[in-house]
Each structure stands twice: as structure tokens, then as C-alpha cells.
$ cat coords-v9.tsv   # TSV, C-alpha atoms
chain	number	residue	atom	x	y	z
A	215	MET	CA	0.00	0.00	0.00
A	216	SER	CA	2.71	2.45	1.04
A	217	ALA	CA	4.92	1.47	-1.93
A	218	ARG	CA	1.98	2.04	-4.26
A	219	TRP	CA	1.21	5.40	-2.65
A	220	ALA	CA	4.86	6.44	-2.96
A	221	ARG	CA	4.73	5.58	-6.68
A	222	TYR	CA	1.56	7.65	-7.17
A	223	ARG	CA	3.08	10.51	-5.24
A	224	GLY	CA	6.14	10.35	-7.46
A	225	LEU	CA	3.92	10.57	-10.50
A	226	LEU	CA	1.67	13.30	-9.08
A	227	GLY	CA	4.55	15.66	-8.28
A	228	PRO	CA	5.47	16.57	-11.89
A	229	TYR	CA	1.76	17.08	-12.73
A	230	LEU	CA	1.28	19.48	-9.82
A	231	VAL	CA	4.47	21.41	-10.56
A	232	ALA	CA	3.55	21.64	-14.27
A	233	ALA	CA	0.02	22.83	-13.47
A	234	ALA	CA	1.22	25.43	-10.96
A	235	LEU	CA	3.89	26.72	-13.34
A	236	GLY	CA	1.43	26.82	-16.24
A	237	TYR	CA	-1.16	28.75	-14.24
A	238	LEU	CA	1.42	31.26	-13.05
A	239	LEU	CA	2.85	31.84	-16.53
A	240	GLY	CA	-0.62	32.04	-18.09
A	241	SER	CA	-1.84	34.66	-15.64
A	242	ARG	CA	1.40	36.68	-15.92
A	243	SER	CA	1.58	36.52	-19.72
A	244	VAL	CA	-1.00	39.33	-20.12
A	245	SER	CA	0.99	41.92	-18.22
A	246	ALA	CA	4.24	40.67	-19.78
A	247	PHE	CA	2.82	41.14	-23.31
A	248	ASP	CA	1.42	44.54	-22.37
A	249	ALA	CA	4.78	45.58	-20.98
A	250	VAL	CA	6.52	44.52	-24.21
A	251	LEU	CA	3.93	45.95	-26.61
A	252	GLY	CA	2.94	48.98	-24.54
A	253	ALA	CA	-0.73	49.31	-23.58
A	254	ASP	CA	-2.83	51.89	-25.45
A	255	ALA	CA	-2.81	54.84	-23.00
A	256	PRO	CA	-6.24	56.41	-23.90
A	257	ALA	CA	-7.95	53.00	-23.82
A	258	ALA	CA	-6.20	52.19	-20.55
A	259	ALA	CA	-7.28	55.59	-19.15
A	260	SER	CA	-10.91	54.95	-20.04
A	261	ARG	CA	-10.84	51.49	-18.43
A	262	VAL	CA	-9.22	52.97	-15.29
A	263	GLY	CA	-11.84	55.75	-15.48
A	264	LEU	CA	-14.62	53.16	-15.38
A	265	ALA	CA	-13.16	51.66	-12.19
A	266	LEU	CA	-12.59	55.12	-10.66
A	267	ARG	CA	-16.20	56.19	-11.30
A	268	GLU	CA	-17.60	53.16	-9.53
A	269	GLY	CA	-17.13	54.64	-6.08
A	270	PRO	CA	-15.89	52.95	-2.91
A	271	GLN	CA	-19.22	51.18	-2.24
A	272	ALA	CA	-19.36	49.40	-5.63
A	273	PRO	CA	-18.80	45.63	-5.96
A	274	VAL	CA	-15.18	44.43	-5.77
A	275	GLN	CA	-14.92	43.46	-9.46
A	276	ALA	CA	-16.19	46.87	-10.61
A	277	GLN	CA	-13.45	48.67	-8.65
A	278	LEU	CA	-10.64	46.54	-10.04
A	279	ALA	CA	-8.31	47.93	-12.72
A	280	SER	CA	-5.65	45.78	-14.39
A	281	GLY	CA	-2.04	46.33	-13.39
A	282	ALA	CA	-1.11	46.92	-17.05
A	283	ASP	CA	-3.76	49.68	-17.38
A	284	LEU	CA	-2.63	51.36	-14.15
A	285	ARG	CA	1.00	51.27	-15.31
A	286	ALA	CA	0.07	52.64	-18.75
A	287	VAL	CA	-1.83	55.59	-17.22
A	288	ALA	CA	0.93	56.29	-14.68
A	289	ALA	CA	3.58	56.20	-17.42
A	290	SER	CA	1.67	58.83	-19.42
A	291	LEU	CA	1.72	61.31	-16.52
A	292	PRO	CA	4.52	63.72	-15.60
A	293	SER	CA	5.73	64.00	-12.01
A	294	PRO	CA	4.17	64.97	-9.54
A	295	ARG	CA	0.85	64.04	-11.19
A	296	ARG	CA	2.11	60.46	-11.45
A	297	GLU	CA	2.64	60.31	-7.69
A	298	VAL	CA	-0.83	61.79	-7.03
A	299	PHE	CA	-2.27	59.12	-9.34
A	300	ASP	CA	-0.37	56.46	-7.33
A	301	LEU	CA	-1.93	57.93	-4.18
A	302	VAL	CA	-5.44	57.73	-5.68
A	303	VAL	CA	-4.79	54.13	-6.79
A	304	ALA	CA	-3.63	53.24	-3.26
A	305	VAL	CA	-6.54	54.88	-1.38
A	306	ARG	CA	-9.13	53.53	-3.82
A	307	GLY	CA	-7.51	50.09	-3.89
A	308	LEU	CA	-7.82	49.91	-7.67
A	309	HIS	CA	-5.17	47.19	-7.83
A	310	ASP	CA	-7.01	45.12	-5.22
A	311	GLY	CA	-10.75	45.47	-5.88
A	312	GLY	CA	-11.31	48.45	-3.58
A	313	LYS	CA	-9.11	47.31	-0.67
A	314	SER	CA	-7.09	50.41	0.23
A	315	ASP	CA	-3.35	50.15	0.74
A	316	TRP	CA	-3.07	52.70	3.58
A	317	THR	CA	0.66	52.17	4.15
A	318	ARG	CA	1.51	52.87	0.52
A	319	ALA	CA	-0.95	55.78	0.44
A	320	GLU	CA	0.65	57.40	3.49
A	321	GLN	CA	4.17	56.92	2.08
A	322	THR	CA	3.16	58.45	-1.26
A	323	CYS	CA	1.38	61.35	0.45
A	324	ARG	CA	4.44	62.08	2.63
A	325	ALA	CA	6.71	61.91	-0.43
A	326	LEU	CA	4.50	64.59	-2.00
A	327	ALA	CA	5.08	66.72	1.16
A	328	TRP	CA	1.36	67.41	1.54
A	329	PRO	CA	0.24	69.03	4.81
A	330	ARG	CA	-1.95	66.15	6.04
A	331	CYS	CA	-1.29	62.47	5.42
A	332	ASP	CA	-2.97	60.86	8.44
A	333	ARG	CA	-5.37	57.93	8.05
A	334	VAL	CA	-8.50	60.05	8.69
A	335	SER	CA	-7.52	62.47	5.90
A	336	LEU	CA	-6.72	59.63	3.52
A	337	GLU	CA	-10.11	58.04	4.27
A	338	GLN	CA	-11.76	61.37	3.44
A	339	LEU	CA	-9.73	61.44	0.25
A	340	LYS	CA	-11.03	58.00	-0.66
A	341	GLN	CA	-14.61	59.29	-0.45
A	342	GLN	CA	-13.79	62.45	-2.45
A	343	SER	CA	-11.71	60.95	-5.23
A	344	VAL	CA	-14.61	59.77	-7.39
A	345	PRO	CA	-14.29	61.96	-10.50
B	286	MET	CA	8.48	2.93	-22.88
B	287	THR	CA	5.56	4.69	-24.64
B	288	ARG	CA	3.36	4.50	-21.54
B	289	ARG	CA	6.17	5.75	-19.35
B	290	PHE	CA	6.78	8.65	-21.79
B	291	ALA	CA	3.07	9.54	-21.74
B	292	THR	CA	2.79	9.58	-17.95
B	293	ARG	CA	6.12	11.28	-17.26
B	294	VAL	CA	6.30	13.83	-20.12
B	295	LEU	CA	3.10	14.23	-22.13
B	296	GLY	CA	0.83	14.22	-19.06
B	297	PRO	CA	2.66	17.04	-17.22
B	298	LEU	CA	2.91	18.96	-20.52
B	299	ALA	CA	-0.84	18.69	-20.99
B	300	ALA	CA	-1.38	19.81	-17.37
B	301	PHE	CA	0.96	22.75	-17.99
B	302	ALA	CA	-0.92	23.78	-21.16
B	303	LEU	CA	-4.38	23.50	-19.57
B	304	ALA	CA	-3.33	25.38	-16.44
B	305	SER	CA	-1.68	28.16	-18.44
B	306	LEU	CA	-4.91	28.56	-20.47
B	307	ALA	CA	-6.90	28.76	-17.22
B	308	GLY	CA	-4.49	31.35	-15.80
B	309	HIS	CA	-4.64	33.43	-18.97
B	310	GLU	CA	-8.46	33.29	-19.05
B	311	ARG	CA	-8.67	34.43	-15.45
B	312	ALA	CA	-6.19	37.27	-15.97
B	313	THR	CA	-7.93	38.60	-19.08
B	314	ALA	CA	-11.51	38.22	-17.82
B	315	GLU	CA	-11.53	41.63	-16.10
B	316	GLN	CA	-9.88	43.34	-19.08
B	317	ARG	CA	-12.53	41.84	-21.37
B	318	ARG	CA	-15.33	43.00	-19.07
B	319	LEU	CA	-13.97	46.56	-18.94
B	320	ALA	CA	-13.23	46.57	-22.69
B	321	SER	CA	-16.78	45.48	-23.53
B	322	ALA	CA	-18.20	48.06	-21.11
B	323	SER	CA	-16.14	50.87	-22.67
B	324	ALA	CA	-16.90	49.65	-26.23
B	325	ALA	CA	-20.61	50.22	-25.57
B	326	LEU	CA	-20.03	53.92	-24.82
B	327	THR	CA	-20.45	56.89	-27.15
B	328	ASP	CA	-17.38	58.92	-28.20
B	329	ARG	CA	-18.34	61.68	-25.78
B	330	GLU	CA	-18.70	59.23	-22.87
B	331	ARG	CA	-15.39	57.59	-23.81
B	332	LYS	CA	-13.62	60.96	-23.85
B	333	SER	CA	-15.17	61.72	-20.49
B	334	LEU	CA	-13.91	58.39	-19.10
B	335	GLU	CA	-10.42	59.05	-20.47
B	336	SER	CA	-10.42	62.29	-18.46
B	337	ALA	CA	-11.53	60.55	-15.26
B	338	PRO	CA	-7.99	59.81	-13.98
B	339	ALA	CA	-7.05	63.49	-14.55
B	340	PHE	CA	-10.12	64.65	-12.62
B	341	ALA	CA	-9.37	62.17	-9.82
B	342	ILE	CA	-5.82	63.60	-9.61
B	343	ALA	CA	-7.21	67.16	-9.53
B	344	ASN	CA	-9.76	66.26	-6.84
B	345	ALA	CA	-7.14	64.50	-4.70
B	346	THR	CA	-4.77	67.46	-4.98
B	347	TRP	CA	-7.58	69.86	-4.10
B	348	ALA	CA	-8.60	67.72	-1.09
B	349	LEU	CA	-5.20	67.44	0.60
B	350	GLY	CA	-2.53	69.17	-1.49
B	351	SER	CA	-0.36	72.05	-0.40
B	352	GLU	CA	-0.97	75.52	-1.85
B	353	ASP	CA	1.89	75.08	-4.34
B	354	ALA	CA	0.64	71.63	-5.37
B	355	VAL	CA	-2.86	73.02	-5.95
B	356	LYS	CA	-1.57	75.95	-8.02
B	357	THR	CA	0.57	73.66	-10.18
B	358	MET	CA	-2.36	71.27	-10.63
B	359	LEU	CA	-4.78	74.09	-11.55
B	360	ARG	CA	-2.38	75.54	-14.15
B	361	PHE	CA	-2.07	72.06	-15.65
B	362	GLU	CA	-5.87	71.60	-15.64
B	363	LEU	CA	-6.46	74.95	-17.34
B	364	ASP	CA	-3.87	74.07	-20.02
B	365	ARG	CA	-5.40	70.60	-20.48
B	366	LEU	CA	-9.09	71.50	-20.56
B	367	PRO	CA	-10.37	72.86	-23.89
B	368	GLU	CA	-12.56	76.01	-23.99
B	369	ASN	CA	-15.69	73.92	-24.58
B	370	GLU	CA	-15.24	72.21	-21.18
B	371	GLY	CA	-16.74	75.32	-19.56
B	372	THR	CA	-18.00	73.72	-16.34
B	373	ALA	CA	-14.69	72.01	-15.57
B	374	ARG	CA	-12.68	75.15	-16.40
B	375	ALA	CA	-14.99	77.25	-14.21
B	376	ARG	CA	-14.45	74.82	-11.34
B	377	ALA	CA	-10.68	75.20	-11.71
B	378	PHE	CA	-11.03	79.01	-11.68
B	379	VAL	CA	-13.23	78.87	-8.56
B	380	ARG	CA	-10.58	76.73	-6.83
B	381	PHE	CA	-7.89	79.20	-7.95
B	382	GLY	CA	-9.89	82.09	-6.52
B	383	MET	CA	-10.27	80.33	-3.20
B	384	ILE	CA	-6.56	79.89	-2.60
B	385	ASP	CA	-5.59	83.33	-3.95
B	386	ALA	CA	-4.83	85.63	-1.01
B	387	ASN	CA	-5.16	88.82	-3.05
B	388	PRO	CA	-8.71	90.27	-3.50
B	389	ASP	CA	-7.75	91.66	-6.93
B	390	GLY	CA	-6.54	88.21	-7.96
B	391	GLN	CA	-9.74	86.65	-6.57
B	392	ALA	CA	-11.89	89.11	-8.55
B	393	ALA	CA	-9.98	88.33	-11.77
B	394	VAL	CA	-10.25	84.54	-11.49
B	395	PHE	CA	-13.91	84.60	-10.37
B	396	PHE	CA	-14.60	86.76	-13.45
B	397	GLN	CA	-12.90	84.07	-15.56
B	398	ALA	CA	-15.06	81.42	-13.86
B	399	CYS	CA	-18.12	83.44	-14.94
B	400	ALA	CA	-16.73	83.70	-18.49
B	401	SER	CA	-16.27	79.90	-18.62
B	402	ASP	CA	-19.67	79.02	-17.12
B	403	SER	CA	-22.30	81.76	-17.37
B	404	SER	CA	-24.37	80.24	-14.54
B	405	LEU	CA	-21.61	81.39	-12.15
B	406	CYS	CA	-22.13	85.03	-13.13
B	407	GLU	CA	-24.96	85.10	-10.57
B	408	ARG	CA	-23.35	85.78	-7.22
B	409	PRO	CA	-25.44	83.28	-5.15
B	410	ARG	CA	-24.50	80.48	-7.54
B	411	LEU	CA	-20.83	81.45	-7.45
B	412	VAL	CA	-20.95	81.46	-3.63
B	413	ALA	CA	-22.68	78.05	-3.66
B	414	ALA	CA	-19.99	76.67	-6.01
B	415	ALA	CA	-17.26	78.04	-3.73
B	416	GLU	CA	-18.96	76.54	-0.67
B	417	ARG	CA	-19.05	73.14	-2.41
B	418	GLU	CA	-15.33	73.38	-3.13
B	419	ALA	CA	-14.58	74.50	0.45
B	420	SER	CA	-16.45	71.46	1.81
B	421	VAL	CA	-14.16	69.03	-0.06
B	422	ARG	CA	-10.88	70.73	0.86
B	423	PHE	CA	-9.39	69.49	4.13
B	424	VAL	CA	-6.34	71.76	4.49
B	425	ASP	CA	-5.73	75.51	4.38
B	426	PRO	CA	-5.83	77.67	2.34
B	427	GLY	CA	-9.13	77.15	0.56
B	428	ARG	CA	-11.28	75.71	3.34
B	429	HIS	CA	-13.19	78.96	3.82
B	430	LEU	CA	-14.90	81.40	1.50
B	431	PRO	CA	-12.50	84.17	0.43
B	432	ALA	CA	-13.08	87.79	1.43
B	433	TYR	CA	-14.18	88.69	-2.10
B	434	LEU	CA	-17.16	86.34	-1.89
B	435	LEU	CA	-18.06	87.19	1.70
B	436	SER	CA	-18.14	90.96	1.34
B	437	GLY	CA	-17.39	91.87	-2.25
B	438	HIS	CA	-14.28	93.62	-3.49
B	439	PRO	CA	-12.76	95.94	-0.81
B	440	THR	CA	-13.23	99.61	-1.66
B	441	THR	CA	-10.15	101.72	-2.38
B	442	PRO	CA	-9.90	104.61	0.12
$ encode --input "coords-v9.tsv" --output "C-alpha cells"
Amino acid sequence: MSARWARYRGLLGPYLVAAALGYLLGSRSVSAFDAVLGADAPAAASRVGLALREGPQAPVQAQLASGADLRAVAASLPSPRREVFDLVVAVRGLHDGGKSDWTRAEQTCRALAWPRCDRVSLEQLKQQSVP
Amino acid sequence: MTRRFATRVLGPLAAFALASLAGHERATAEQRRLASASAALTDRERKSLESAPAFAIANATWALGSEDAVKTMLRFELDRLPENEGTARARAFVRFGMIDANPDGQAAVFFQACASDSSLCERPRLVAAAEREASVRFVDPGRHLPAYLLSGHPTTP
């Protein structure tokens, strides 16, 4: 029984590794292709705009923007507008279906040298950032 | 030999291919949803959506930005927005007027707000617009109505 199980386990290992590797490469291929080809900035901006307009109370999927679109929009902006965009992305949680990244938001806000970067202010910003 | 080759090589390769297809489908599902949603829009709506990140940046800067950051952002907005975007340009002028410390400067930019959006030529509506902007700014200056809107332009002695 144990010898048979060991044989199955030996066979199962390559299948599991292959499946995990395949899934990872398949899900990463989109952003890799976009990075190589360069995403269309206006189209990316309109898709990010759709997610931005949803508002913090919208369903998780509606608030999600793809990493490639967020990078394309950020790349089209000059500094310090790029950093402000990063701040909006962090407070709105656009990379994570509406889950705010408060640590990143606070760091970005402080890097911008804005007068208030506390959590309460950033939460207010989250409510106000719907365009 | 053939069976061993199938279980050791072809099987894992098939698992790799199927899993990579599943991963790709999952990663592109959201892009497809957003692409189909934006494809259903008119040109005007699409242009408006393209501007949404810029408006979000402007709103964020207005909410928490320093005076210098707000001025830089407003200059950028006024350069970016075409003349036919009267409402958005007027909003930028109102914000400019609210952080301008000089009553002459306030008068000039509020006049430009009126020129961009004629509804703001009526004083009560201009005051209401300024109050709306003050309510979404969380740092000074700009959290309170400027002297020009509270009491009119100061008289020269």
C-alpha cells in the first residue's frame, strides 16, 4: 500500500508542478505582453476611469483595474501628477478590488510633502476621489 | 516505454498547457469586461472616461494638497481642458480664486469662472460653487470662502 502510494506521489509531483507553473505563466503573460507591446494609454485611461467612477461602495470586481492599465496611465503622466495618481490608486484600492493600501498611500502622500497624510484624511480622500 | 513517456512527459505537458490557459483566461476576464463596457459607450462618454484619472488627480490634490501643489495642478488643468469644457474650467477658476490671497486676484479669477460658465455670473450660484469646493478641501488655504465672496471687493480709500 505504502509502496503504491509512494509511486503515485512520485507521478503526481510533476503534474502538480507543471500545473502550478502553467497557471502562473498564463496569468502573468498578459501583463508581460502589455509591458513589451505597450498598452494603449487612452484606452487604458478609459478602463481605469470606469473603475474610478464606480465609487468605494461598488462591488469588488467593478473597482478593479488591471495592473497593465494602471501602469500605462501612470507612465503617461509627468511628475508629480504620477505620484498623485499612485496615491489615488492606493486609497481607492484599484489594484485590489477596492481594498485600500493605507501604508503605501501614506508613504506616497508624505513623499508629496502634503500638509496632512494621516489615516483620517486619507479616508476622506477616498470618499472624495470619485471623478 | 511509450506509456512511461506519456505519464512522465506528455501528461505534465498537458497539465501545464491546460493550467496556463486557465491562468490566462482568469487574468484577461476583467480586461474583457472593462473593454466590452467601454466599447458600448459613445465617443463623448469615452472621452469623459479618459479624463476621469485626470479629474481624480485634480480632486485628490484639491482635497489634501499644499498651496503650491494646488496651483501647479490648476495651471495644468487649465492648459489641459479645452474652452468647450466650460463647467470644468470654471471649477478650476473657482478653486484658484479660493486659494488666492489677493482680492484683486480673486476678482480676476472669479470673473474668468463666470466667463467659462455663465451660470456662475450670478453671485449666489458662485458662492454656492465656492462653498461646495470648500467642503471638499481638508487643508488651508481654501477651506473657507474668500473675502471677495463674503463681502465683495474691498473699496479703495
$ interface_residues --input "coords-v9.tsv" --of "chain B" --to "chain A" --cutoff "9 Å" --atoms "all atoms listed in the file" --output "PDB file with C-alpha atoms, in the coordinates of the input"
ATOM      1  CA  THR B 292       2.790   9.580 -17.950  1.00  0.00           C
ATOM      2  CA  ARG B 293       6.120  11.280 -17.260  1.00  0.00           C
ATOM      3  CA  VAL B 294       6.300  13.830 -20.120  1.00  0.00           C
ATOM      4  CA  GLY B 296       0.830  14.220 -19.060  1.00  0.00           C
ATOM      5  CA  PRO B 297       2.660  17.040 -17.220  1.00  0.00           C
ATOM      6  CA  LEU B 298       2.910  18.960 -20.520  1.00  0.00           C
ATOM      7  CA  ALA B 299      -0.840  18.690 -20.990  1.00  0.00           C
ATOM      8  CA  ALA B 300      -1.380  19.810 -17.370  1.00  0.00           C
ATOM      9  CA  PHE B 301       0.960  22.750 -17.990  1.00  0.00           C
ATOM     10  CA  ALA B 302      -0.920  23.780 -21.160  1.00  0.00           C
ATOM     11  CA  LEU B 303      -4.380  23.500 -19.570  1.00  0.00           C
ATOM     12  CA  ALA B 304      -3.330  25.380 -16.440  1.00  0.00           C
ATOM     13  CA  SER B 305      -1.680  28.160 -18.440  1.00  0.00           C
ATOM     14  CA  LEU B 306      -4.910  28.560 -20.470  1.00  0.00           C
ATOM     15  CA  ALA B 307      -6.900  28.760 -17.220  1.00  0.00           C
ATOM     16  CA  GLY B 308      -4.490  31.350 -15.800  1.00  0.00           C
ATOM     17  CA  HIS B 309      -4.640  33.430 -18.970  1.00  0.00           C
ATOM     18  CA  GLU B 310      -8.460  33.290 -19.050  1.00  0.00           C
ATOM     19  CA  ARG B 311      -8.670  34.430 -15.450  1.00  0.00           C
ATOM     20  CA  ALA B 312      -6.190  37.270 -15.970  1.00  0.00           C
ATOM     21  CA  THR B 313      -7.930  38.600 -19.080  1.00  0.00           C
ATOM     22  CA  GLU B 315     -11.530  41.630 -16.100  1.00  0.00           C
ATOM     23  CA  GLN B 316      -9.880  43.340 -19.080  1.00  0.00           C
ATOM     24  CA  LEU B 319     -13.970  46.560 -18.940  1.00  0.00           C
ATOM     25  CA  ALA B 320     -13.230  46.570 -22.690  1.00  0.00           C
ATOM     26  CA  ALA B 322     -18.200  48.060 -21.110  1.00  0.00           C
ATOM     27  CA  SER B 323     -16.140  50.870 -22.670  1.00  0.00           C
ATOM     28  CA  ARG B 331     -15.390  57.590 -23.810  1.00  0.00           C
ATOM     29  CA  LYS B 332     -13.620  60.960 -23.850  1.00  0.00           C
ATOM     30  CA  SER B 333     -15.170  61.720 -20.490  1.00  0.00           C
ATOM     31  CA  LEU B 334     -13.910  58.390 -19.100  1.00  0.00           C
ATOM     32  CA  GLU B 335     -10.420  59.050 -20.470  1.00  0.00           C
ATOM     33  CA  SER B 336     -10.420  62.290 -18.460  1.00  0.00           C
ATOM     34  CA  ALA B 337     -11.530  60.550 -15.260  1.00  0.00           C
ATOM     35  CA  PRO B 338      -7.990  59.810 -13.980  1.00  0.00           C
ATOM     36  CA  ALA B 339      -7.050  63.490 -14.550  1.00  0.00           C
ATOM     37  CA  PHE B 340     -10.120  64.650 -12.620  1.00  0.00           C
ATOM     38  CA  ALA B 341      -9.370  62.170  -9.820  1.00  0.00           C
ATOM     39  CA  ILE B 342      -5.820  63.600  -9.610  1.00  0.00           C
ATOM     40  CA  ALA B 343      -7.210  67.160  -9.530  1.00  0.00           C
ATOM     41  CA  ASN B 344      -9.760  66.260  -6.840  1.00  0.00           C
ATOM     42  CA  ALA B 345      -7.140  64.500  -4.700  1.00  0.00           C
ATOM     43  CA  THR B 346      -4.770  67.460  -4.980  1.00  0.00           C
ATOM     44  CA  ALA B 348      -8.600  67.720  -1.090  1.00  0.00           C
ATOM     45  CA  LEU B 349      -5.200  67.440   0.600  1.00  0.00           C
ATOM     46  CA  GLY B 350      -2.530  69.170  -1.490  1.00  0.00           C
ATOM     47  CA  SER B 351      -0.360  72.050  -0.400  1.00  0.00           C
ATOM     48  CA  ALA B 354       0.640  71.630  -5.370  1.00  0.00           C
ATOM     49  CA  MET B 358      -2.360  71.270 -10.630  1.00  0.00           C
ATOM     50  CA  VAL B 421     -14.160  69.030  -0.060  1.00  0.00           C
ATOM     51  CA  PHE B 423      -9.390  69.490   4.130  1.00  0.00           C
ATOM     52  CA  VAL B 424      -6.340  71.760   4.490  1.00  0.00           C
ATOM     53  CA  ASP B 425      -5.730  75.510   4.380  1.00  0.00           C
TER      54      ASP B 425
END
$ atom_distance --input "coords-v9.tsv" --atom1 "CA of Gly281 in chain A" --atom2 "CA of Glu268 in chain A"
17.4 Å
$ atom_distance --input "coords-v9.tsv" --atom1 "CA of Arg376 in chain B" --atom2 "CA of Ala414 in chain B"
7.9 Å
$ atom_distance --input "coords-v9.tsv" --atom1 "CA of Val334 in chain A" --atom2 "CA of Lys313 in chain A"
15.8 Å
$ residues_around --input "coords-v9.tsv" --residues "Leu430 in chain B" --least-positions-apart "6" --cutoff "8 Å" --atoms "only C-alpha atoms" --output "PyMOL selection string"
chain B and resi 383+412+415-416+419
$ closest_residue --input "coords-v9.tsv" --among "B:Phe290, B:Glu370, B:Ala432, B:Ser420" --to "Arg329 in chain B" --atoms "all atoms listed in the file"
B:Glu370
$ axis_aligned_box --input "coords-v9.tsv" --around "range 377-389 of chain B" --padding-each-side "3 Å" --output "lines of an AutoDock Vina configuration file"
center_x = -9.0
center_y = 83.4
center_z = -6.4
size_x = 14.4
size_y = 22.5
size_z = 16.7
$ closest_residue --input "coords-v9.tsv" --among "B:Arg365, B:Tyr433, B:Ala291, B:Glu330" --to "Phe396 in chain B" --atoms "only C-alpha atoms"
B:Tyr433
